[in-house]
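Taking it in order: structure first as structure tokens, then the write-up.
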Amino acid sequence: MTWEPSDQGQLRSAKDPEMKIFVDGCMSKLGAAMDLVVGATAVDLDSRFASIRTKETNIGNFVTDVMRHALKADVAMLNSGTLRADAVIEQGEIKVRDLVNLLPMLDELCLLQLSGAQVLEALENSVSQYPRLEGRFAQVSGVSFQFDAAKPPNQRIVEGSVRIGPDLLDLEKNYKLCTKDYLRQGKDGYDVFRDGICLADGETAGILPSLVRDCFANLDMLNGESDTGVAKRSSTFNAMRMMETFSPSKVGDGPEMLKRYAIYPTVEAASVHKEHSTSV
């Protein structure tokens with residue numbers, strides 16, 4: 001006896017006028033939600049794979065700055081494969097659609113305690129497959145370093161080039177590093193993260209897209225455009241801390257978001273010749 005699935009039910013649903021009205025209504029509501037403006041950028045944000053998987057980018061700086069700020073970490077590392085838009089988000093309004101395209105997955109974050117030697121090992125893994133467009137290539141915050149692509153994998157970080165904030169990396173010192181829980185499981189070659197001490201897991205560290213949305217909500221607070229119209233003390237405090245951390249750009253005066261505060265992430269000049277650099 002043989003059995004074959006029937007598509008008659010699907011055909012009936014497709015031709016059902018009531019079902020079509022229901023589906024069209026849902027799509028209309030979804031489209032309206034996706035076009036909701038959540039913030040603004042004063043510069044183009046480069047999330048093309050050819051950029052984020054080979055070098056420092058302003059969108060990578062912004063997202064990892066949000067991570068490091070939210071979890072009060074010394075360093076934030078994010079595999080570039082997380083950023084999925086493969087496009088330039090043009091200067092101007094940022095909509096829900098842009099954030100969904102950029103961060104479509106509800107990635108849980110974590111906070112790890114790692115030694116300086118382990119941080120160095122993670123950085124080596126990040127650049128081990130360069131110049132291939134590997135998702136393991138990290139966008140970072142709180143750390144700067146140089147690497148030599150002519151050297152063998154896992155020997156590319158230039159000695160003495162790694163700094164955590166303004167200070168040289170201390171191989172014996174412990175640091176707090178924020179990353180995705182996915183990488184904590186050793187994915188994308190980050191086996192070293194499995195040996196770190198977990199200080200906060202996905203349940204307490206938060207979800208990456210939500211943290212980015214919260215950052216833009218703080219911009220709303222700064223611009224006097226919060227939903228409630230009443231600035232709660234904690235919200236105002238968070239907004240002022242964001243001013244210090246992200247340095248949003250004052251792009252004008254007036255009631256429109258684009259004439260007020262917008263994010264302005266920047267990229268430092270890269271080194272030349274065979275050495276490549278990435279930094280906050």
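Ordered as shown in the structure tokens, chains take letters A, B, and onward, while each chain numbers its residues from 1 and ligands are numbered from 1 in the order shown.
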
inquiry  = List as number ranges by chain the protein and nucleic acid residues near A:Ser210, meaning an atom at most 12 Å away when only C-alpha atoms are counted, but skip any in the same chain fewer than 6 places from it.
reply    = A: 38, 63, 66-67, 70, 96, 99-100, 103-109, 216-217

Among stretch 148-195 of chain A, which residues carry a DSSP assignment of strand (DSSP E), reported as a tab-separated table (two decimals) with C-alpha atoms, in the first residue's frame?
chain	number	residue	atom	x	y	z
A	148	ASP	CA	49.19	40.16	10.11
A	163	ARG	CA	44.69	46.85	24.27
A	164	ILE	CA	41.68	46.59	26.54
A	167	ASP	CA	45.77	49.46	28.66
A	168	LEU	CA	47.87	46.71	27.12
A	174	ASN	CA	40.74	38.38	34.24
A	175	TYR	CA	38.36	40.35	32.03
A	176	LYS	CA	34.59	40.44	31.61
A	177	LEU	CA	33.64	39.67	28.02
A	178	CYS	CA	30.16	39.91	26.54
A	179	THR	CA	29.22	37.73	23.58
A	180	LYS	CA	26.40	35.56	22.22

note = Of A:Gln146, A:Ser115, A:Asn223, A:Ser47, the one nearest to A:Asp74 when counting only C-alpha atoms is A:Ser115

inquiry  = With distances taken over only C-alpha atoms, which residue among A:Pro209, A:Gly186, A:Gly142, A:Gly39 lies nearest A:Thr245?
reply    = A:Gly142

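Atom CA of A:Phe49 to atom CA of A:Phe137 spans 10.6 Å [interatomic distance, one decimal].
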
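Distances to A:Pro248 were evaluated for A:Ala262, A:Cys215, A:Val37, A:Leu222 using only C-alpha atoms, and the minimum falls at A:Ala262.
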
request  = Could you check which of A:Tyr264, A:Cys198, A:Pro166, A:Asn125 is closest to A:Pro152, using only C-alpha atoms?
outcome  = A:Asn125

Helix (DSSP H, G or I) residues, from DSSP on the backbone, in stretch 87-140 of chain A, as an NGL selection string = :A and (96-102 or 116-127)

Neighbour list for A:Leu133 as a PDB file with C-alpha atoms, in the first residue's frame, cut-off 9 Å, only C-alpha atoms, skip fewer than 4 positions in-chain:
ATOM      1  CA  PHE A  49      29.142  40.942   4.203  1.00  0.00           C
ATOM      2  CA  ALA A  50      32.247  42.035   2.290  1.00  0.00           C
ATOM      3  CA  SER A  51      32.792  44.695   4.959  1.00  0.00           C
ATOM      4  CA  ILE A  52      31.671  43.210   8.262  1.00  0.00           C
ATOM      5  CA  ARG A  53      33.451  39.900   7.633  1.00  0.00           C
ATOM      6  CA  THR A  54      36.820  41.473   6.823  1.00  0.00           C
ATOM      7  CA  GLN A 129      40.299  32.519   8.204  1.00  0.00           C
ATOM      8  CA  PHE A 137      35.311  37.383  11.995  1.00  0.00           C
TER       9      PHE A 137
END

query = Could you work out how far atom CA of A:Gly116 lies from atom CA of A:Glu172, giving the answer in Å with one decimal?
reply =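 Separation between atom CA of A:Glu172 and atom CA of A:Gly116: 5.7 Å.
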
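A straight line drawn from atom CA of A:Arg48 to atom CA of A:Ala85 is 7.0 Å long.
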